file data.cif (mmCIF, C-alpha atoms)
data_final
loop_
_atom_site.label_atom_id
_atom_site.label_comp_id
_atom_site.auth_asym_id
_atom_site.auth_seq_id
_atom_site.Cartn_x
_atom_site.Cartn_y
_atom_site.Cartn_z
CA MET A 12 -39.38 -10.90 -7.32
CA SER A 13 -41.95 -12.18 -9.80
CA ILE A 14 -42.87 -15.74 -8.81
CA LYS A 15 -45.21 -15.84 -11.77
CA HIS A 16 -42.39 -15.39 -14.25
CA ALA A 17 -40.03 -17.62 -12.30
CA ILE A 18 -42.56 -20.43 -12.68
CA LEU A 19 -43.05 -19.72 -16.38
CA GLY A 20 -39.28 -19.81 -16.80
CA LEU A 21 -38.87 -23.10 -14.97
CA LEU A 22 -41.68 -24.69 -17.00
CA SER A 23 -40.16 -23.50 -20.28
CA LYS A 24 -37.49 -26.21 -19.94
CA LYS A 25 -39.81 -29.11 -19.17
CA PRO A 26 -43.19 -29.86 -17.55
CA LEU A 27 -43.02 -30.16 -13.76
CA HIS A 28 -45.37 -30.89 -10.87
CA GLY A 29 -45.82 -28.58 -7.89
CA TYR A 30 -43.19 -30.09 -5.64
CA GLU A 31 -40.60 -30.19 -8.43
CA LEU A 32 -41.30 -26.53 -9.15
CA LYS A 33 -40.71 -25.55 -5.56
CA ALA A 34 -37.46 -27.54 -5.41
CA ALA A 35 -36.17 -26.17 -8.74
CA TYR A 36 -36.96 -22.62 -7.65
CA GLU A 37 -35.11 -22.98 -4.35
CA GLU A 38 -32.15 -24.98 -5.57
CA ASP A 39 -31.43 -23.79 -9.08
CA LEU A 40 -33.09 -20.45 -9.60
CA VAL A 41 -32.87 -18.21 -6.58
CA PRO A 42 -30.44 -19.41 -3.91
CA ALA A 43 -31.31 -18.82 -0.28
CA THR A 44 -35.04 -18.55 -0.72
CA GLN A 45 -37.96 -20.57 0.44
CA LEU A 46 -41.19 -20.75 -1.45
CA ASN A 47 -44.23 -22.06 0.34
CA TYR A 48 -46.59 -24.49 -1.33
CA GLY A 49 -49.47 -22.05 -0.95
CA GLN A 50 -47.64 -19.50 -3.10
CA VAL A 51 -46.78 -22.11 -5.73
CA TYR A 52 -50.35 -23.41 -6.07
CA THR A 53 -52.07 -20.03 -5.98
CA THR A 54 -49.73 -18.80 -8.70
CA LEU A 55 -50.24 -21.94 -10.81
CA GLU A 56 -54.02 -21.55 -10.49
CA ARG A 57 -53.85 -17.96 -11.67
CA LEU A 58 -51.52 -18.87 -14.56
CA GLY A 59 -53.97 -21.61 -15.58
CA ARG A 60 -56.90 -19.20 -15.46
CA ASP A 61 -55.00 -16.76 -17.72
CA GLY A 62 -54.22 -19.56 -20.18
CA LEU A 63 -50.45 -19.31 -19.69
CA VAL A 64 -50.08 -22.77 -18.18
CA GLY A 65 -51.92 -26.04 -18.77
CA HIS A 66 -51.88 -29.23 -16.74
CA GLU A 67 -52.32 -32.93 -17.10
CA VAL A 68 -53.36 -35.31 -14.33
CA VAL A 69 -51.01 -38.25 -13.92
CA SER A 70 -52.20 -41.16 -11.81
CA GLN A 71 -49.68 -42.86 -9.54
CA ALA A 72 -49.76 -46.30 -7.94
CA GLU A 73 -50.49 -46.18 -4.19
CA ARG A 74 -50.30 -42.37 -4.19
CA PRO A 75 -52.74 -39.60 -4.98
CA ASP A 76 -52.85 -38.35 -8.58
CA LYS A 77 -50.50 -35.51 -9.38
CA LYS A 78 -50.89 -32.57 -11.70
CA VAL A 79 -48.02 -31.96 -14.12
CA TYR A 80 -47.90 -28.39 -15.40
CA ALA A 81 -46.65 -27.22 -18.82
CA LEU A 82 -46.27 -23.92 -20.61
CA THR A 83 -48.81 -22.93 -23.29
CA ALA A 84 -47.90 -20.92 -26.41
CA ALA A 85 -49.35 -17.81 -24.69
CA GLY A 86 -47.21 -18.56 -21.62
CA ARG A 87 -44.07 -18.79 -23.75
CA LYS A 88 -44.90 -15.46 -25.39
CA GLU A 89 -45.52 -13.81 -22.00
CA LEU A 90 -42.16 -15.13 -20.72
CA ARG A 91 -40.26 -13.80 -23.74
CA GLU A 92 -41.89 -10.38 -23.48
CA TRP A 93 -41.15 -10.18 -19.78
CA LEU A 94 -37.49 -11.09 -20.36
CA ASN A 95 -37.16 -8.25 -22.86
CA THR A 96 -38.87 -5.62 -20.72
CA PRO A 97 -36.75 -3.54 -18.30
CA SER A 98 -37.34 -4.47 -14.67
CA GLN A 99 -38.70 -2.24 -11.94
CA LEU A 100 -35.53 -1.38 -10.01
CA ASP A 101 -36.04 -1.16 -6.30
CA LEU A 102 -33.44 1.40 -5.19
CA ASP A 103 -34.75 1.55 -1.65
CA LEU A 104 -34.11 5.31 -1.51
CA ARG A 105 -36.36 6.18 1.41
CA ASN A 106 -34.68 3.68 3.66
CA GLU A 107 -34.57 3.71 7.43
CA THR A 108 -31.10 5.27 7.59
CA PHE A 109 -32.28 8.17 5.47
CA LEU A 110 -35.21 8.71 7.80
CA LYS A 111 -32.99 8.60 10.90
CA LEU A 112 -30.54 11.04 9.34
CA THR A 113 -33.30 13.49 8.42
CA LEU A 114 -34.80 13.33 11.89
CA ALA A 115 -31.42 13.59 13.62
CA ARG A 116 -30.80 16.91 11.86
CA ARG A 117 -34.01 18.32 13.34
CA LEU A 118 -33.50 17.08 16.87
CA PRO A 119 -31.04 19.10 18.98
CA ALA A 120 -30.16 16.19 21.25
CA VAL A 121 -28.90 13.93 18.44
CA ASP A 122 -25.79 14.39 16.32
CA PRO A 123 -26.43 13.11 12.79
CA LEU A 124 -22.73 12.25 12.56
CA ASP A 125 -23.20 9.80 15.45
CA VAL A 126 -26.13 8.26 13.59
CA LEU A 127 -23.92 7.89 10.52
CA ALA A 128 -21.09 6.34 12.53
CA VAL A 129 -23.43 3.70 13.97
CA GLU A 130 -24.79 2.90 10.52
CA ARG A 131 -21.31 2.69 9.05
CA ARG A 132 -20.11 0.24 11.67
CA ALA A 133 -23.14 -1.99 11.11
CA CYS A 134 -22.58 -1.80 7.37
CA PHE A 135 -18.94 -2.86 7.77
CA GLU A 136 -20.03 -5.82 9.89
CA ARG A 137 -22.39 -6.94 7.14
CA LEU A 138 -19.71 -6.40 4.52
CA HIS A 139 -17.26 -8.45 6.60
CA GLU A 140 -19.65 -11.39 6.61
CA VAL A 141 -20.65 -11.13 3.00
CA THR A 142 -17.12 -10.72 1.61
CA GLN A 143 -15.92 -13.71 3.60
CA THR A 144 -18.89 -15.75 2.48
CA ARG A 145 -18.14 -14.67 -1.08
CA ALA A 146 -14.52 -15.83 -0.70
CA ARG A 147 -15.73 -19.16 0.67
CA ALA A 148 -18.22 -19.52 -2.17
CA ASP A 149 -15.28 -19.38 -4.60
CA LYS A 150 -13.22 -21.82 -2.59
CA GLU A 151 -16.04 -24.30 -2.16
CA ASP A 152 -17.20 -24.07 -5.74
CA ALA A 153 -20.65 -22.79 -4.83
CA SER A 154 -23.18 -22.45 -7.64
CA LEU A 155 -22.87 -19.58 -10.09
CA GLN A 156 -26.20 -18.11 -8.90
CA THR A 157 -24.95 -18.03 -5.33
CA ARG A 158 -21.75 -16.26 -6.32
CA LEU A 159 -23.60 -13.71 -8.45
CA LEU A 160 -26.05 -13.01 -5.65
CA LEU A 161 -23.22 -12.49 -3.16
CA ASP A 162 -21.50 -10.13 -5.62
CA LEU A 163 -24.66 -8.07 -5.77
CA ALA A 164 -24.75 -7.97 -1.97
CA VAL A 165 -21.09 -6.85 -1.78
CA LEU A 166 -21.52 -4.12 -4.39
CA ARG A 167 -24.74 -2.79 -2.85
CA LEU A 168 -23.12 -2.62 0.58
CA GLU A 169 -20.10 -0.85 -0.91
CA ALA A 170 -22.37 1.70 -2.54
CA PHE A 171 -24.30 2.22 0.68
CA LEU A 172 -21.05 2.73 2.61
CA LYS A 173 -19.90 5.29 0.06
CA TRP A 174 -23.18 7.14 0.47
CA LEU A 175 -22.80 7.12 4.28
CA GLU A 176 -19.31 8.58 3.91
CA ARG A 177 -20.52 11.20 1.47
CA CYS A 178 -23.25 12.20 3.95
CA ALA A 179 -20.67 12.55 6.74
CA GLU A 180 -18.43 14.76 4.56
CA ILE A 181 -21.30 17.03 3.57
CA LEU A 182 -22.65 17.31 7.11
CA LYS A 183 -19.17 18.18 8.43
CA LYS A 184 -18.83 20.96 5.84
CA GLU A 185 -22.29 22.29 6.65
CA GLY A 186 -21.42 22.23 10.35
CA LYS A 187 -18.31 24.35 9.75
CA LYS A 188 -20.26 26.94 7.76
CA ARG A 189 -22.69 27.56 10.60
CA MET B 21 2.72 -25.52 20.86
CA ALA B 22 1.05 -22.47 22.36
CA GLY B 23 3.00 -23.07 25.55
CA ALA B 24 6.28 -23.30 23.68
CA LEU B 25 5.50 -20.09 21.85
CA ARG B 26 4.72 -18.35 25.09
CA ARG B 27 7.93 -19.54 26.72
CA ASN B 28 9.91 -18.39 23.73
CA SER B 29 8.40 -14.97 23.65
CA GLN B 30 8.83 -14.60 27.38
CA LYS B 31 12.50 -15.29 26.93
CA ARG B 32 12.75 -12.70 24.20
CA GLY B 33 10.83 -10.32 26.41
CA GLU B 34 13.39 -10.69 29.20
CA GLU B 35 16.25 -10.00 26.81
CA THR B 36 14.79 -6.77 25.52
CA VAL B 37 12.98 -5.88 28.75
CA SER B 38 9.78 -5.34 26.82
CA PRO B 39 6.17 -6.02 27.75
CA ALA B 40 5.29 -6.50 24.11
CA ALA B 41 6.60 -10.02 23.64
CA ASP B 42 3.26 -11.78 23.10
CA ARG B 43 2.20 -9.22 20.56
CA ALA B 44 3.27 -9.09 16.96
CA VAL B 45 3.28 -5.29 16.99
CA GLN B 46 3.20 -2.70 19.73
CA VAL B 47 3.21 0.98 18.81
CA ARG B 48 3.30 3.75 21.42
CA GLY B 49 3.02 7.50 20.92
CA LEU B 50 4.32 7.20 17.38
CA THR B 51 4.90 10.49 15.59
CA LYS B 52 6.42 11.40 12.26
CA VAL B 53 7.08 14.93 11.10
CA PHE B 54 8.37 15.77 7.65
CA GLY B 55 10.16 19.05 6.88
CA THR B 56 10.76 22.06 9.15
CA GLY B 57 9.42 25.59 9.61
CA VAL B 58 6.55 26.50 7.29
CA ALA B 59 7.06 23.29 5.31
CA ARG B 60 6.56 21.20 8.45
CA VAL B 61 3.96 18.45 7.99
CA THR B 62 2.84 16.14 10.76
CA ALA B 63 2.21 12.80 9.04
CA LEU B 64 1.53 10.92 12.28
CA GLY B 65 0.43 12.70 15.41
CA GLY B 66 0.71 10.09 18.15
CA ILE B 67 -0.40 6.57 17.35
CA ASP B 68 -0.96 3.77 19.89
CA LEU B 69 -1.60 0.36 18.43
CA ASP B 70 -1.36 -3.30 19.41
CA VAL B 71 -1.62 -6.14 16.96
CA THR B 72 -1.84 -9.62 18.47
CA ARG B 73 -0.39 -12.64 16.73
CA GLY B 74 -2.67 -14.07 14.09
CA GLU B 75 -4.71 -10.90 13.75
CA PHE B 76 -5.60 -9.40 10.36
CA VAL B 77 -5.85 -5.62 10.66
CA ALA B 78 -6.86 -3.21 7.91
CA VAL B 79 -5.91 0.47 7.96
CA MET B 80 -8.17 2.84 6.05
CA GLY B 81 -8.01 6.56 5.49
CA ALA B 82 -7.91 9.21 2.78
CA SER B 83 -4.68 9.94 0.90
CA GLY B 84 -2.37 11.84 3.22
CA SER B 85 -3.99 10.45 6.36
CA GLY B 86 -0.69 8.81 7.32
CA LYS B 87 -1.56 5.18 6.68
CA SER B 88 1.45 4.36 4.48
CA THR B 89 3.77 6.25 6.83
CA LEU B 90 2.48 4.10 9.69
CA LEU B 91 3.15 0.94 7.72
CA HIS B 92 6.66 2.09 6.79
CA LEU B 93 7.54 2.93 10.39
CA ILE B 94 6.27 -0.44 11.65
CA GLY B 95 8.28 -2.15 8.92
CA GLY B 96 11.44 -0.26 9.86
CA LEU B 97 11.63 1.32 6.40
CA ASP B 98 11.63 4.77 7.94
CA VAL B 99 12.58 6.24 11.31
CA PRO B 100 9.98 7.89 13.56
CA THR B 101 10.27 11.40 14.98
CA GLY B 102 9.01 10.19 18.34
CA GLY B 103 7.48 7.19 20.10
CA SER B 104 8.30 3.52 19.77
CA VAL B 105 7.65 0.48 17.60
CA HIS B 106 8.10 -3.08 18.87
CA VAL B 107 7.90 -5.96 16.40
CA GLY B 108 7.88 -9.42 17.95
CA GLY B 109 9.03 -7.85 21.20
CA GLU B 110 12.03 -6.05 19.66
CA ASP B 111 12.27 -2.29 20.00
CA LEU B 112 13.20 -1.11 16.50
CA SER B 113 14.90 2.03 17.83
CA LYS B 114 17.32 -0.11 19.86
CA LEU B 115 18.57 -2.06 16.84
CA ASP B 116 21.65 -1.01 14.87
CA ASP B 117 21.43 -0.96 11.07
CA ASP B 118 22.58 -4.56 10.64
CA ARG B 119 20.14 -5.98 13.15
CA LEU B 120 17.30 -3.86 11.80
CA THR B 121 18.00 -5.14 8.29
CA GLN B 122 18.07 -8.68 9.63
CA LEU B 123 14.74 -8.24 11.42
CA ARG B 124 13.18 -6.76 8.29
CA ARG B 125 14.48 -9.60 6.19
CA ARG B 126 13.59 -12.48 8.52
CA ARG B 127 10.54 -11.44 10.46
CA ILE B 128 8.63 -9.03 8.23
CA GLY B 129 7.21 -9.72 4.78
CA PHE B 130 6.34 -6.75 2.57
CA ILE B 131 3.76 -6.58 -0.20
CA PHE B 132 3.51 -3.42 -2.29
CA GLN B 133 1.02 -2.09 -4.80
CA ALA B 134 3.71 -2.23 -7.53
CA TYR B 135 4.82 -5.84 -6.73
CA ASN B 136 8.53 -4.80 -6.81
CA LEU B 137 9.75 -8.01 -8.44
CA LEU B 138 13.10 -8.12 -10.27
CA ASP B 139 12.45 -8.26 -14.03
CA VAL B 140 15.41 -10.47 -14.91
CA LEU B 141 14.68 -13.21 -12.38
CA THR B 142 12.09 -15.98 -12.73
CA ALA B 143 9.20 -16.19 -10.24
CA GLU B 144 11.04 -18.93 -8.39
CA GLU B 145 14.28 -16.91 -8.21
CA ASN B 146 12.45 -13.79 -7.07
CA VAL B 147 10.88 -15.72 -4.21
CA ALA B 148 14.19 -17.37 -3.25
CA LEU B 149 16.07 -14.05 -3.27
CA PRO B 150 15.45 -12.97 0.36
CA LEU B 151 16.79 -16.36 1.50
CA ILE B 152 19.87 -16.22 -0.76
CA ILE B 153 20.68 -12.72 0.51
CA ASP B 154 20.33 -14.06 4.04
CA GLY B 155 22.91 -16.78 3.34
CA VAL B 156 20.59 -19.77 3.02
CA ALA B 157 22.09 -22.52 0.83
CA GLU B 158 20.83 -22.44 -2.74
CA ARG B 159 19.23 -25.87 -2.66
CA GLU B 160 17.26 -25.13 0.51
CA ALA B 161 16.30 -21.69 -0.80
CA GLN B 162 14.93 -23.30 -3.94
CA GLU B 163 12.88 -25.83 -1.99
CA ARG B 164 11.43 -23.18 0.28
CA SER B 165 10.69 -20.96 -2.70
CA LEU B 166 8.72 -23.78 -4.29
CA ARG B 167 6.73 -24.34 -1.10
CA ALA B 168 5.88 -20.63 -0.92
CA LEU B 169 4.76 -20.67 -4.56
CA GLU B 170 2.55 -23.67 -3.75
CA LEU B 171 0.97 -21.68 -0.97
CA VAL B 172 -0.17 -18.99 -3.42
CA ASP B 173 -1.03 -21.62 -6.02
CA ILE B 174 1.25 -20.50 -8.82
CA THR B 175 3.88 -23.26 -9.14
CA ASP B 176 2.99 -23.75 -12.82
CA ARG B 177 4.38 -20.27 -13.58
CA ARG B 178 7.57 -20.59 -11.53
CA GLN B 179 9.93 -20.47 -14.52
CA HIS B 180 8.38 -17.29 -15.93
CA VAL B 181 9.86 -13.82 -15.54
CA PRO B 182 7.54 -11.06 -14.25
CA GLY B 183 7.01 -9.62 -17.76
CA GLU B 184 5.33 -12.88 -18.76
CA LEU B 185 2.90 -12.83 -15.84
CA SER B 186 -0.39 -10.96 -15.36
CA GLY B 187 -0.69 -8.37 -12.61
CA GLY B 188 -2.55 -10.78 -10.37
CA GLU B 189 0.07 -13.48 -10.91
CA GLN B 190 2.90 -11.03 -10.17
CA GLN B 191 1.23 -10.01 -6.94
CA ARG B 192 0.85 -13.65 -5.92
CA VAL B 193 4.57 -14.19 -6.60
CA ALA B 194 5.27 -11.09 -4.48
CA ILE B 195 3.15 -12.58 -1.69
CA ALA B 196 5.11 -15.84 -1.95
CA ARG B 197 8.34 -13.83 -1.66
CA ALA B 198 6.95 -12.10 1.44
CA LEU B 199 6.03 -15.47 2.96
CA VAL B 200 9.18 -17.41 2.11
CA THR B 201 10.96 -16.43 5.33
CA ASN B 202 7.91 -17.49 7.37
CA PRO B 203 7.62 -13.97 8.75
CA LEU B 204 6.02 -12.96 12.01
CA LEU B 205 4.31 -10.05 10.31
CA LEU B 206 3.02 -9.41 6.81
CA LEU B 207 2.77 -5.73 5.83
CA ALA B 208 0.68 -4.99 2.75
CA ASP B 209 0.49 -1.51 1.26
CA GLU B 210 -2.50 -1.28 -1.11
CA PRO B 211 -1.88 -4.85 -2.34
CA THR B 212 -4.77 -4.71 -4.81
CA GLY B 213 -4.20 -1.13 -5.95
CA ASN B 214 -3.04 -2.11 -9.45
CA LEU B 215 -5.35 -5.09 -10.01
CA ASP B 216 -8.70 -5.56 -11.72
CA SER B 217 -11.56 -6.73 -9.57
CA ALA B 218 -11.24 -10.46 -10.29
CA ALA B 219 -7.49 -10.48 -9.49
CA SER B 220 -8.13 -8.28 -6.44
CA ASP B 221 -10.67 -10.75 -5.10
CA GLN B 222 -8.20 -13.57 -5.58
CA VAL B 223 -5.46 -11.72 -3.67
CA MET B 224 -7.87 -10.84 -0.86
CA THR B 225 -9.13 -14.43 -0.62
CA LEU B 226 -5.50 -15.52 -0.39
CA LEU B 227 -4.69 -13.04 2.40
CA ARG B 228 -7.82 -14.10 4.30
CA SER B 229 -6.92 -17.78 4.08
CA LEU B 230 -3.35 -17.04 5.26
CA ALA B 231 -4.92 -15.47 8.33
CA ASP B 232 -7.40 -18.33 8.82
CA GLU B 233 -5.23 -21.30 8.05
CA ARG B 234 -1.72 -20.20 9.07
CA ARG B 235 -2.65 -17.60 11.67
CA GLN B 236 -0.50 -15.15 9.71
CA THR B 237 -0.44 -11.69 11.30
CA ILE B 238 -1.30 -9.14 8.61
CA LEU B 239 -1.39 -5.36 8.63
CA MET B 240 -2.87 -4.03 5.40
CA VAL B 241 -3.38 -0.50 4.13
CA THR B 242 -6.28 -0.07 1.72
CA HIS B 243 -8.92 2.40 0.68
CA ASN B 244 -11.22 -0.26 -0.70
CA ALA B 245 -14.06 -0.79 1.80
CA SER B 246 -14.90 -4.37 0.91
CA HIS B 247 -11.25 -5.38 1.08
CA ALA B 248 -10.88 -3.71 4.46
CA ALA B 249 -14.03 -5.52 5.57
CA MET B 250 -12.27 -8.85 5.10
CA ALA B 251 -9.95 -8.11 8.03
CA ASP B 252 -10.63 -8.88 11.71
CA ARG B 253 -10.21 -5.27 12.75
CA LEU B 254 -10.46 -1.89 11.06
CA LEU B 255 -8.53 1.24 11.88
CA ARG B 256 -9.49 4.54 10.39
CA LEU B 257 -6.78 7.19 10.15
CA CYS B 258 -7.45 10.88 9.67
CA ASP B 259 -4.75 13.57 9.75
CA GLY B 260 -2.22 11.24 11.32
CA ARG B 261 -4.44 9.95 14.13
CA ILE B 262 -6.56 6.86 14.67
CA VAL B 263 -10.08 8.29 14.73
CA GLU B 264 -11.99 5.04 14.79
CA GLN B 265 -11.44 1.36 15.52
CA GLN B 266 -13.81 -1.47 14.87
CA THR B 267 -13.49 -5.15 15.62
CA LEU B 268 -15.47 -7.20 13.14
CA PRO B 269 -17.31 -10.07 14.79
CA GLN B 270 -16.65 -13.73 14.16
CA ARG B 271 -18.39 -14.81 11.05
CA ARG B 272 -21.52 -16.90 11.14
CA SER B 273 -21.93 -20.02 9.05
CA PHE B 274 -22.01 -19.87 5.28
CA GLY B 275 -25.64 -21.02 5.20
CA LYS B 276 -26.74 -18.49 7.80
CA VAL B 277 -25.35 -15.56 5.84
CA LEU B 278 -26.98 -16.84 2.66
CA GLU B 279 -30.29 -17.28 4.45
CA ASP B 280 -30.13 -13.67 5.60
CA LEU B 281 -29.79 -12.44 2.02
CA GLU B 282 -33.35 -13.54 1.52
CA ALA B 283 -34.54 -10.75 3.75
CA TRP B 284 -32.84 -8.07 1.62
#
call {"tool": "encode", "arguments": {"input": "data.cif", "output": "structure tokens"}}
result
Amino acid sequence: MSIKHAILGLLSKKPLHGYELKAAYEEDLVPATQLNYGQVYTTLERLGRDGLVGHEVVSQAERPDKKVYALTAAGRKELREWLNTPSQLDLDLRNETFLKLTLARRLPAVDPLDVLAVERRACFERLHEVTQTRARADKEDASLQTRLLLDLAVLRLEAFLKWLERCAEILKKEGKKR
Amino acid sequence: MAGALRRNSQKRGEETVSPAADRAVQVRGLTKVFGTGVARVTALGGIDLDVTRGEFVAVMGASGSGKSTLLHLIGGLDVPTGGSVHVGGEDLSKLDDDRLTQLRRRRIGFIFQAYNLLDVLTAEENVALPLIIDGVAEREAQERSLRALELVDITDRRQHVPGELSGGEQQRVAIARALVTNPLLLLADEPTGNLDSAASDQVMTLLRSLADERRQTILMVTHNASHAAMADRLLRLCDGRIVEQQTLPQRRSFGKVLEDLEAW
């Protein structure tokens, strides 16, 4: 995920200092993530160097000065362009299951259908957890971002399960031909 | 409470001389054959299954795998070719028609894909119907109907006839009707088959909370993987046999699952 653009997006609403940025990112933007301060400050430095973000030093009583960051006109333009550009979709095609399946077909001691069965059971366990968490998110009025993220998890797992089942069907047919 | 339940079921067990009393469902060697000669089709080829009280079990399988037949035999809607079905310790094959009807009406709640509500009755009347047929006084039937409608959160629509309700609302009324007798066992045959995804989720959340909060025993047939995954146990049927069983582990905390998503 692009932390750079997440920060630009958060600053487009109002100027924030480093700690506020971290909190807003974790609480409002991307649920269930943790951003470390190092990442936040390195990114802010780079954004400043590229002229996308400016800052102002605010002095505080009894505490060290803090830097409050704001978006520049160039930063706003960059954000808008990024929002209108299609994202790089990570389809995770060469995943570990795929590798195991391919290898299992070459090794006489392993039945690829057994590999698929193990994967399917694990996938169902995940789906069990995620669907129940999704149901609880509705009941407990969890944030919209949380619910949308859980929906994505459910649908991806469903798709992966379908693929596992398709693989099993095809392998069974191939086995009968031989 | 648990002790009282156990004593009760033991008593029932003695009456019917059955070892199945503490289980909601016990199925042994169940077979079902349709037709004869060349037209002979084995729908179920020997099923053994135990469902404990409070368990939520999902049955998956392709069309024609025998999953609906299994549900119908457990619900006493059809008669097996061989083997036995015990529900709440009662051997269905030992019951005469009247007692079987009574068991179906009082101890089993059915939910179907097509809701099967009566068009001319209001939601409240539909839900009260199983009680009225069973001879419960009208006033009491009405009160219990209202409580069941509260359970599925649809009391505001109780005066509407099915035609005035959405699919999801009709299915919730049908679930209330299935629950109104406080049944031992809830049998659901593709309960979300006719619903869009939002209404499906709502029905599944409802079934899950019935299992969690009321320890309602549920046996559900579905071919939707994420709906099946909401159960405690999965059975996979293929050509009339159970080819796979999987118990899904206790869930971890809400926060823990969310935290894990980060790693995806």
call {"tool": "closest_residue", "arguments": {"input": "data.cif", "among": "B:Gln191, B:Gln46, B:Thr225, B:Thr101", "to": "B:Arg73", "atoms": "all atoms listed in the file"}}
result
B:Gln46
call {"tool": "interface_residues", "arguments": {"input": "data.cif", "of": "chain B", "to": "chain A", "cutoff": "10 Å", "atoms": "only C-alpha atoms", "output": "PDB file with C-alpha atoms, in the coordinates of the input"}}
result
ATOM      1  CA  ASP B 221     -10.670 -10.750  -5.100  1.00  0.00           C
ATOM      2  CA  GLN B 222      -8.200 -13.570  -5.580  1.00  0.00           C
ATOM      3  CA  MET B 224      -7.870 -10.840  -0.860  1.00  0.00           C
ATOM      4  CA  THR B 225      -9.130 -14.430  -0.620  1.00  0.00           C
ATOM      5  CA  LEU B 226      -5.500 -15.520  -0.390  1.00  0.00           C
ATOM      6  CA  ARG B 228      -7.820 -14.100   4.300  1.00  0.00           C
ATOM      7  CA  SER B 229      -6.920 -17.780   4.080  1.00  0.00           C
ATOM      8  CA  ASN B 244     -11.220  -0.260  -0.700  1.00  0.00           C
ATOM      9  CA  ALA B 245     -14.060  -0.790   1.800  1.00  0.00           C
ATOM     10  CA  SER B 246     -14.900  -4.370   0.910  1.00  0.00           C
ATOM     11  CA  HIS B 247     -11.250  -5.380   1.080  1.00  0.00           C
ATOM     12  CA  ALA B 248     -10.880  -3.710   4.460  1.00  0.00           C
ATOM     13  CA  ALA B 249     -14.030  -5.520   5.570  1.00  0.00           C
ATOM     14  CA  MET B 250     -12.270  -8.850   5.100  1.00  0.00           C
ATOM     15  CA  ALA B 251      -9.950  -8.110   8.030  1.00  0.00           C
ATOM     16  CA  ASP B 252     -10.630  -8.880  11.710  1.00  0.00           C
ATOM     17  CA  ARG B 253     -10.210  -5.270  12.750  1.00  0.00           C
ATOM     18  CA  LEU B 254     -10.460  -1.890  11.060  1.00  0.00           C
ATOM     19  CA  GLU B 264     -11.990   5.040  14.790  1.00  0.00           C
ATOM     20  CA  GLN B 265     -11.440   1.360  15.520  1.00  0.00           C
ATOM     21  CA  GLN B 266     -13.810  -1.470  14.870  1.00  0.00           C
ATOM     22  CA  THR B 267     -13.490  -5.150  15.620  1.00  0.00           C
ATOM     23  CA  LEU B 268     -15.470  -7.200  13.140  1.00  0.00           C
ATOM     24  CA  PRO B 269     -17.310 -10.070  14.790  1.00  0.00           C
ATOM     25  CA  GLN B 270     -16.650 -13.730  14.160  1.00  0.00           C
ATOM     26  CA  ARG B 271     -18.390 -14.810  11.050  1.00  0.00           C
ATOM     27  CA  ARG B 272     -21.520 -16.900  11.140  1.00  0.00           C
ATOM     28  CA  SER B 273     -21.930 -20.020   9.050  1.00  0.00           C
ATOM     29  CA  PHE B 274     -22.010 -19.870   5.280  1.00  0.00           C
ATOM     30  CA  GLY B 275     -25.640 -21.020   5.200  1.00  0.00           C
ATOM     31  CA  LYS B 276     -26.740 -18.490   7.800  1.00  0.00           C
ATOM     32  CA  VAL B 277     -25.350 -15.560   5.840  1.00  0.00           C
ATOM     33  CA  LEU B 278     -26.980 -16.840   2.660  1.00  0.00           C
ATOM     34  CA  GLU B 279     -30.290 -17.280   4.450  1.00  0.00           C
ATOM     35  CA  ASP B 280     -30.130 -13.670   5.600  1.00  0.00           C
ATOM     36  CA  LEU B 281     -29.790 -12.440   2.020  1.00  0.00           C
ATOM     37  CA  GLU B 282     -33.350 -13.540   1.520  1.00  0.00           C
ATOM     38  CA  ALA B 283     -34.540 -10.750   3.750  1.00  0.00           C
ATOM     39  CA  TRP B 284     -32.840  -8.070   1.620  1.00  0.00           C
TER      40      TRP B 284
END
call {"tool": "resolve_selection", "arguments": {"input": "data.cif", "expression": "the PyMOL selection byres ((chain B and resi 235-237) around 12)", "output": "ChimeraX atom specification"}}
result
/B:43-45,70-78,107-108,127-129,198-199,202-208,226-234,238-240,251-253
call {"tool": "closest_residue", "arguments": {"input": "data.cif", "among": "A:Leu155, A:Ile18, A:Val69, A:Leu110", "to": "A:Glu89", "atoms": "only C-alpha atoms"}}
result
A:Ile18
call {"tool": "closest_residue", "arguments": {"input": "data.cif", "among": "A:Lys77, A:Thr113, A:Ala85, A:Leu21", "to": "A:Glu37", "atoms": "only C-alpha atoms"}}
result
A:Leu21
call {"tool": "atom_distance", "arguments": {"input": "data.cif", "atom1": "atom CA of B:Val99", "atom2": "atom CA of B:Ala63"}}
result
12.5 Å
call {"tool": "closest_residue", "arguments": {"input": "data.cif", "among": "A:Pro119, A:Pro97, A:Gly59, A:Gly20", "to": "A:Leu40", "atoms": "only C-alpha atoms"}}
result
A:Gly20
call {"tool": "residues_near_point", "arguments": {"input": "data.cif", "point": "(-39.4, -21.7, -5.9)", "cutoff": "12 Å", "atoms": "all atoms listed in the file", "output": "PyMOL selection string"}}
result
chain A and resi 12-22+29-52+54-55
call {"tool": "axis_aligned_box", "arguments": {"input": "data.cif", "around": "stretch 122-126 of chain A", "padding_each_side": "6 Å", "output": "AutoDock Vina command-line options"}}
result
--center_x -24.6 --center_y 11.3 --center_z 14.4 --size_x 15.7 --size_y 18.1 --size_z 15.8
call {"tool": "residues_near_point", "arguments": {"input": "data.cif", "point": "(-2.0, -12.9, -3.5)", "cutoff": "9 Å", "atoms": "all atoms listed in the file", "output": "JSON, numbers by chain"}}
result
{"B": [172, 188, 189, 190, 191, 192, 193, 194, 195, 196, 211, 212, 219, 220, 222, 223, 224, 225, 226, 227]}
